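A.B. asks: Provided herewith is a single structure, encoded as structure tokens, for subsequent inquiry.
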Amino acid sequence: MPHWSDYSTGERIKILRGRDLTQEQLAHATGLSLPTIRAAEQDRRLSLPSLLRIASALNVDTSVVLGQQAPRRAMGTDDRATLRALSLSVHDTSSGYLPDTVEPVPLDALKAAMEHAWGLYWAGSYSELGAVLGPLLRDAAVTAEASEGTAAEEALGCLSDGYQAAACTANLLGARDLAYASVGHARAAALQAGDPLRTARVDAARSWIYLRDGRLDHSLAVAEKAALSIEPRYSDQTVERLTTYGNLLNRCAVTAARIEDEDATGDFLSQLHAVGARLGREQDVHGARFGPQTATTQAVGIKVTLGDSGNALTLIRSVSNDDLLQLSEVSRNRYMLDVALAQTDAKMYDKALDTLEEVIHGAPEWARHQALPAVIVQRIGSASTSRLRRVSKMIGVKALPSDGFAPPTTKTAL
């Protein structure tokens with residue numbers, strides 16, 4: 001398969017337009033005529049003004065249309081629109097570009113909006129989340145600027161949460177620069193609010209960004225330092241502290257497994273289960289989710305990463321449907337991908353494909369941004385069947401990689 005730069009400009013426009021946008025719809029979105037769009041896609045004529053309009057309508061940089069920069073894998077027009085909206089919201093708000101017409105909003109309304117945003121994130125509704133975060137960040141910034149004392153600190157906390165949600169979404173969609181910028185703004189707002197637990201939750205997100213960027217040592221160092229700074233004492237074992245602490249330990253355990261430090265991984269897993277037992281049930285605190293079910297299901301993924309599919313399958317048998325119902329939709333789907341990978345490693349190919357198809361059908365928007373489905377399909381590739389080809393088409397990959405990207409593995413499928 002050719003590299004992105006091997007295509008002509010017209011071919012790149014057609015690929016970016018995809019199946020969900022017709023030439024007529026692109027013409028309407030750009031304000032250009034249909035013959036102009038057709039001429040551009042046929043490489044017959046494309047002026048600079050037309051190029052700029054087309055790139056804007058497709059929610060990409062002109063460098064992508066011209067082949068100087070490849071588009072992100074698994075990106076559709078909705079995904080690109082989400083990232084563009086997030087980018088504008090984050091950068092405008094952080095630079096102080098706030099419309100004069102926006103008034104401060106009541107803190108209760110701001111907090112409710114932030115809870116709704118986190119709900120969208122954990123449900124995998126990223127397009128809707130991108131639309132919600134813009135006005136939320138703006139309202140939080142205006143309210144914080146107009147408030148004093150405790151009210152200002154609470155508004156800054158909402159602003160920090162909004163930036164963190166933007167960072168996590170950008171990280172998931174592969175927009176690493178936006179993820180780094182957003183998490184930096186989230187941490188600054190948390191520090192300004194004087195909130196150590198919120199700062200620690202932001203550091204958990206920062207650790208995850210490092211992890212997906214392949215900076216494993218940085219990921220582990222950030223998570224360990226943050227966990228140590230808020231380690232629960234006998235005099236302070238609130239739900240918020242335990243949930244935040246457990247979430248950070250989870251980041252530590254996952255990263256330690258990626259660098260194949262089995263001793264450290266085992267220690268973190270033991271602590272994970274202990275904190276989960278103290279909580280007693282799943283908790284959700286400002287985007288940090290943790291509890292006994294999270295501890296167990298995360299252990300499955302960690303065992304798979306370490307190549308211990310036998311123990312992973314044993315753990316899977318101990319997880320009930322009631323346990324899974326206590327997890328968020330995103331956490332449940334990620335666990336099912338780990339299950340499918342464990343089944344693949346055990347050469348239970350039909351069961352692995354059953355599990356994989358269940359996830360893809362149930363959460364198509366979320367699944368297309370995950371690398372593990374490609375890992376599973378490629379591992380089953382030697383047993384290629386018509387069914388495998390169907391699943392490969394569903395996730396947009398071939399059983400054997402040929403798209404110019406390095407094939408994902410259990411170490412890079414983050």
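In the structure tokens, each chain is lettered A, B, ... as it comes, each chain's residues begin at 1, and ligands are numbered from 1 in order of appearance.
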Can you list, as a list in words, all residues belonging to segment 144-288 of chain A that DSSP tags as strand (DSSP E)?
C.D. replies: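 Reading the DSSP output for segment 144-288 of chain A, strand (DSSP E) covers Gln283, Asp284, Val285 and Ala288 of chain A.
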A.B. asks: Find the residues near Glu154 of chain A: any atom within 10 Å, counting only C-alpha atoms, skip ones fewer than 2 places away on the same chain, and give them as a PyMOL selection string.
C.D. replies: chain A and resi 107-108+110-111+140+143-144+147-152+156-160+190+193-195
A.B. asks: Store the residues picked out above, limited to N, CA, C and O atoms, as a tab-separated table (two decimals), in the first residue's frame.
C.D. replies:
```tsv
chain	number	residue	atom	x	y	z
A	107	LEU	N	-21.92	27.70	40.21
A	107	LEU	CA	-20.99	26.58	40.38
A	107	LEU	C	-21.69	25.23	40.28
A	107	LEU	O	-21.13	24.27	39.72
A	108	ASP	N	-22.90	25.13	40.80
A	108	ASP	CA	-23.63	23.85	40.73
A	108	ASP	C	-23.87	23.45	39.27
A	108	ASP	O	-23.73	22.27	38.91
A	110	LEU	N	-22.05	24.39	36.72
A	110	LEU	CA	-20.75	24.09	36.15
A	110	LEU	C	-20.31	22.67	36.50
A	110	LEU	O	-19.83	21.91	35.65
A	111	LYS	N	-20.50	22.31	37.77
A	111	LYS	CA	-20.12	20.96	38.22
A	111	LYS	C	-20.98	19.89	37.54
A	111	LYS	O	-20.48	18.82	37.17
A	140	ALA	N	-16.18	27.82	32.52
A	140	ALA	CA	-15.36	27.63	33.72
A	140	ALA	C	-14.31	28.72	33.83
A	140	ALA	O	-14.06	29.25	34.93
A	143	THR	N	-16.03	32.03	34.80
A	143	THR	CA	-16.49	31.99	36.18
A	143	THR	C	-15.32	32.10	37.16
A	143	THR	O	-15.40	32.81	38.16
A	144	ALA	N	-14.22	31.41	36.86
A	144	ALA	CA	-13.04	31.48	37.72
A	144	ALA	C	-12.48	32.90	37.75
A	144	ALA	O	-12.07	33.40	38.80
A	147	SER	N	-14.65	35.20	39.95
A	147	SER	CA	-14.91	34.78	41.33
A	147	SER	C	-13.71	35.03	42.22
A	147	SER	O	-12.60	35.31	41.75
A	148	GLU	N	-13.93	34.88	43.51
A	148	GLU	CA	-12.87	35.05	44.51
A	148	GLU	C	-12.95	33.92	45.53
A	148	GLU	O	-13.99	33.27	45.70
A	149	GLY	N	-11.83	33.71	46.22
A	149	GLY	CA	-11.80	32.76	47.33
A	149	GLY	C	-12.18	31.35	46.93
A	149	GLY	O	-11.76	30.82	45.89
A	150	THR	N	-13.01	30.71	47.76
A	150	THR	CA	-13.41	29.32	47.54
A	150	THR	C	-14.13	29.13	46.21
A	150	THR	O	-13.94	28.13	45.52
A	151	ALA	N	-14.97	30.10	45.84
A	151	ALA	CA	-15.71	29.99	44.58
A	151	ALA	C	-14.75	29.95	43.39
A	151	ALA	O	-14.95	29.18	42.45
A	152	ALA	N	-13.72	30.78	43.44
A	152	ALA	CA	-12.73	30.78	42.36
A	152	ALA	C	-12.00	29.44	42.30
A	152	ALA	O	-11.74	28.91	41.22
A	156	LEU	N	-11.92	26.86	39.20
A	156	LEU	CA	-10.64	26.40	38.65
A	156	LEU	C	-10.57	24.87	38.63
A	156	LEU	O	-9.98	24.28	37.72
A	157	GLY	N	-11.18	24.25	39.63
A	157	GLY	CA	-11.22	22.79	39.64
A	157	GLY	C	-12.01	22.25	38.45
A	157	GLY	O	-11.59	21.29	37.80
A	158	CYS	N	-13.13	22.88	38.14
A	158	CYS	CA	-13.91	22.48	36.96
A	158	CYS	C	-13.12	22.73	35.68
A	158	CYS	O	-13.16	21.92	34.74
A	159	LEU	N	-12.41	23.85	35.63
A	159	LEU	CA	-11.58	24.15	34.47
A	159	LEU	C	-10.49	23.10	34.30
A	159	LEU	O	-10.23	22.62	33.18
A	160	SER	N	-9.87	22.70	35.40
A	160	SER	CA	-8.85	21.65	35.36
A	160	SER	C	-9.43	20.34	34.84
A	160	SER	O	-8.84	19.67	33.99
A	190	ALA	N	-5.20	23.06	38.40
A	190	ALA	CA	-5.32	22.32	39.65
A	190	ALA	C	-4.40	22.90	40.72
A	190	ALA	O	-4.78	23.01	41.90
A	193	ALA	N	-5.76	26.10	41.98
A	193	ALA	CA	-6.89	25.86	42.88
A	193	ALA	C	-6.43	25.35	44.23
A	193	ALA	O	-7.24	25.26	45.17
A	194	GLY	N	-5.15	24.98	44.35
A	194	GLY	CA	-4.62	24.47	45.61
A	194	GLY	C	-5.22	23.12	45.99
A	194	GLY	O	-5.52	22.87	47.16
A	195	ASP	N	-5.37	22.25	44.98
A	195	ASP	CA	-6.05	20.97	45.18
A	195	ASP	C	-5.08	19.81	44.89
A	195	ASP	O	-4.92	19.40	43.74
```
A.B. asks: Counting only C-alpha atoms, what is within 10 Å of Tyr126 of chain A, bar same-chain residues fewer than 3 positions away, as a list of chain:residue names?
C.D. replies: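 Selected residues are A:Asp78, A:Asp79, A:Thr82, A:Leu83, A:Ala117, A:Leu120, A:Tyr121, A:Trp122, A:Ala123, A:Leu129, A:Gly130, A:Ala131, A:Val132, A:Ala166, A:Thr169, A:Ala170, A:Leu172, A:Leu173, A:Glu365, A:Trp366.
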A.B. asks: Of the residues A:Arg53, A:Arg12, A:His361, A:Arg44, which is the one nearest to Gly31 of chain A, using only C-alpha atoms?
C.D. replies: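 Nearest to Gly31 of chain A: A:Arg53.
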A.B. asks: Residues of segment 136-299 of chain A classed as helix (DSSP H, G or I) by DSSP on the backbone are to be reported as JSON, numbers by chain.
C.D. replies: {"A": [136, 137, 138, 139, 140, 141, 142, 143, 144, 145, 146, 149, 150, 151, 152, 153, 154, 155, 156, 157, 158, 159, 160, 161, 162, 163, 164, 165, 166, 167, 168, 169, 170, 171, 172, 176, 177, 178, 179, 180, 181, 182, 183, 184, 185, 186, 187, 188, 189, 190, 191, 192, 196, 197, 198, 199, 200, 201, 202, 203, 204, 205, 206, 207, 208, 209, 210, 211, 212, 216, 217, 218, 219, 220, 221, 222, 223, 224, 225, 226, 227, 228, 229, 239, 240, 241, 242, 243, 244, 245, 246, 247, 248, 249, 250, 251, 252, 253, 254, 255, 256, 257, 258, 262, 263, 264, 265, 266, 267, 268, 269, 270, 271, 272, 273, 274, 275, 276, 277, 278, 279, 292, 293, 294, 295, 296, 297, 298, 299]}
A.B. asks: Keeping only C-alpha atoms, take the residues you just selected and write them out as a CSV table (one decimal), in the first residue's frame.
C.D. replies:
```csv
chain,number,residue,atom,x,y,z
A,136,LEU,CA,-17.7,24.2,29.4
A,137,LEU,CA,-14.1,25.3,29.3
A,138,ARG,CA,-15.2,28.8,28.3
A,139,ASP,CA,-17.8,29.0,31.1
A,140,ALA,CA,-15.4,27.6,33.7
A,141,ALA,CA,-12.7,30.1,32.7
A,142,VAL,CA,-15.1,33.1,32.8
A,143,THR,CA,-16.5,32.0,36.2
A,144,ALA,CA,-13.0,31.5,37.7
A,145,GLU,CA,-11.9,34.9,36.5
A,146,ALA,CA,-15.0,36.6,38.0
A,149,GLY,CA,-11.8,32.8,47.3
A,150,THR,CA,-13.4,29.3,47.5
A,151,ALA,CA,-15.7,30.0,44.6
A,152,ALA,CA,-12.7,30.8,42.4
A,153,GLU,CA,-10.9,27.6,43.5
A,154,GLU,CA,-14.0,25.5,42.7
A,155,ALA,CA,-14.4,27.0,39.3
A,156,LEU,CA,-10.6,26.4,38.7
A,157,GLY,CA,-11.2,22.8,39.6
A,158,CYS,CA,-13.9,22.5,37.0
A,159,LEU,CA,-11.6,24.2,34.5
A,160,SER,CA,-8.8,21.7,35.4
A,161,ASP,CA,-11.3,18.8,34.9
A,162,GLY,CA,-12.3,20.1,31.5
A,163,TYR,CA,-8.7,20.4,30.3
A,164,GLN,CA,-8.1,16.9,31.6
A,165,ALA,CA,-11.0,15.5,29.7
A,166,ALA,CA,-9.7,17.2,26.6
A,167,ALA,CA,-6.3,15.7,27.2
A,168,CYS,CA,-7.6,12.2,27.6
A,169,THR,CA,-9.8,12.5,24.5
A,170,ALA,CA,-6.9,13.9,22.4
A,171,ASN,CA,-4.6,11.1,23.7
A,172,LEU,CA,-7.1,8.4,22.8
A,176,ARG,CA,-0.4,13.8,21.1
A,177,ASP,CA,0.5,17.5,20.9
A,178,LEU,CA,-3.0,18.6,22.0
A,179,ALA,CA,-3.0,16.0,24.7
A,180,TYR,CA,0.3,17.4,26.1
A,181,ALA,CA,-0.9,21.0,25.9
A,182,SER,CA,-4.3,20.2,27.6
A,183,VAL,CA,-2.8,18.2,30.4
A,184,GLY,CA,-0.3,21.0,31.1
A,185,HIS,CA,-3.2,23.5,31.4
A,186,ALA,CA,-5.1,21.0,33.6
A,187,ARG,CA,-2.2,20.8,36.0
A,188,ALA,CA,-1.7,24.5,36.1
A,189,ALA,CA,-5.4,25.1,37.0
A,190,ALA,CA,-5.3,22.3,39.7
A,191,LEU,CA,-2.2,23.9,41.3
A,192,GLN,CA,-3.8,27.3,41.1
A,196,PRO,CA,-3.5,18.2,45.7
A,197,LEU,CA,-5.9,15.3,44.9
A,198,ARG,CA,-7.0,16.9,41.6
A,199,THR,CA,-3.3,17.6,40.7
A,200,ALA,CA,-2.6,13.9,41.3
A,201,ARG,CA,-5.5,12.9,39.1
A,202,VAL,CA,-4.1,15.1,36.4
A,203,ASP,CA,-0.7,13.4,36.9
A,204,ALA,CA,-2.4,10.0,36.3
A,205,ALA,CA,-3.6,11.4,32.9
A,206,ARG,CA,-0.1,12.7,32.2
A,207,SER,CA,1.3,9.3,33.0
A,208,TRP,CA,-1.1,7.8,30.4
A,209,ILE,CA,-0.1,10.3,27.8
A,210,TYR,CA,3.6,9.4,28.4
A,211,LEU,CA,2.7,5.7,28.2
A,212,ARG,CA,1.0,6.0,24.8
A,216,LEU,CA,7.6,4.4,29.7
A,217,ASP,CA,10.2,5.6,32.3
A,218,HIS,CA,8.6,9.0,32.4
A,219,SER,CA,5.2,7.4,32.8
A,220,LEU,CA,6.2,5.3,35.7
A,221,ALA,CA,8.1,8.1,37.4
A,222,VAL,CA,5.2,10.5,37.2
A,223,ALA,CA,2.6,8.0,38.5
A,224,GLU,CA,4.9,6.8,41.4
A,225,LYS,CA,5.7,10.3,42.5
A,226,ALA,CA,2.0,11.4,42.4
A,227,ALA,CA,0.9,8.2,44.3
A,228,LEU,CA,3.5,8.8,47.0
A,229,SER,CA,2.4,12.4,47.4
A,239,VAL,CA,-13.2,7.7,49.1
A,240,GLU,CA,-11.7,10.5,47.0
A,241,ARG,CA,-8.2,9.9,48.2
A,242,LEU,CA,-8.4,6.1,47.9
A,243,THR,CA,-9.9,6.3,44.4
A,244,THR,CA,-7.3,8.7,43.2
A,245,TYR,CA,-4.5,6.6,44.8
A,246,GLY,CA,-5.9,3.4,43.3
A,247,ASN,CA,-6.1,5.0,39.9
A,248,LEU,CA,-2.4,6.0,40.1
A,249,LEU,CA,-1.3,2.5,41.3
A,250,ASN,CA,-3.1,1.2,38.3
A,251,ARG,CA,-1.0,3.4,36.0
A,252,CYS,CA,2.1,2.2,37.8
A,253,ALA,CA,1.2,-1.5,37.4
A,254,VAL,CA,0.4,-1.2,33.7
A,255,THR,CA,3.6,0.7,32.9
A,256,ALA,CA,5.7,-1.7,35.0
A,257,ALA,CA,4.3,-4.5,33.0
A,258,ARG,CA,5.1,-2.7,29.7
A,262,GLU,CA,7.6,-8.4,36.9
A,263,ASP,CA,8.6,-7.8,40.6
A,264,ALA,CA,7.4,-4.2,40.5
A,265,THR,CA,4.3,-5.2,38.6
A,266,GLY,CA,3.5,-7.9,41.3
A,267,ASP,CA,4.0,-5.3,44.1
A,268,PHE,CA,1.7,-2.8,42.4
A,269,LEU,CA,-1.0,-5.5,41.7
A,270,SER,CA,-1.0,-6.4,45.4
A,271,GLN,CA,-1.5,-2.8,46.4
A,272,LEU,CA,-4.2,-2.4,43.7
A,273,HIS,CA,-6.2,-5.3,45.2
A,274,ALA,CA,-5.7,-4.0,48.8
A,275,VAL,CA,-7.0,-0.5,47.8
A,276,GLY,CA,-9.9,-2.0,45.9
A,277,ALA,CA,-10.9,-4.1,48.9
A,278,ARG,CA,-10.8,-1.0,51.1
A,279,LEU,CA,-13.1,0.9,48.7
A,292,PRO,CA,-12.3,-3.9,43.3
A,293,GLN,CA,-13.6,-4.8,39.8
A,294,THR,CA,-11.2,-2.4,38.2
A,295,ALA,CA,-8.3,-4.0,40.1
A,296,THR,CA,-9.3,-7.5,38.9
A,297,THR,CA,-10.0,-6.6,35.3
A,298,GLN,CA,-6.8,-4.6,35.0
A,299,ALA,CA,-4.9,-7.5,36.3
```
A.B. asks: Counting only C-alpha atoms, figure out which residue out of A:Gly310, A:Gly287, A:Pro135, A:Gly214 gets nearest to Ala346 of chain A.
C.D. replies: A:Gly310
A.B. asks: Find the residues near Asn59 of chain A: any atom within 7 Å, counting only C-alpha atoms, skip ones fewer than 5 places away on the same chain, and give them as a list in words.
C.D. replies: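 Near Asn59 of chain A, the qualifying residues are Arg80, Ala81 and Arg84 of chain A.
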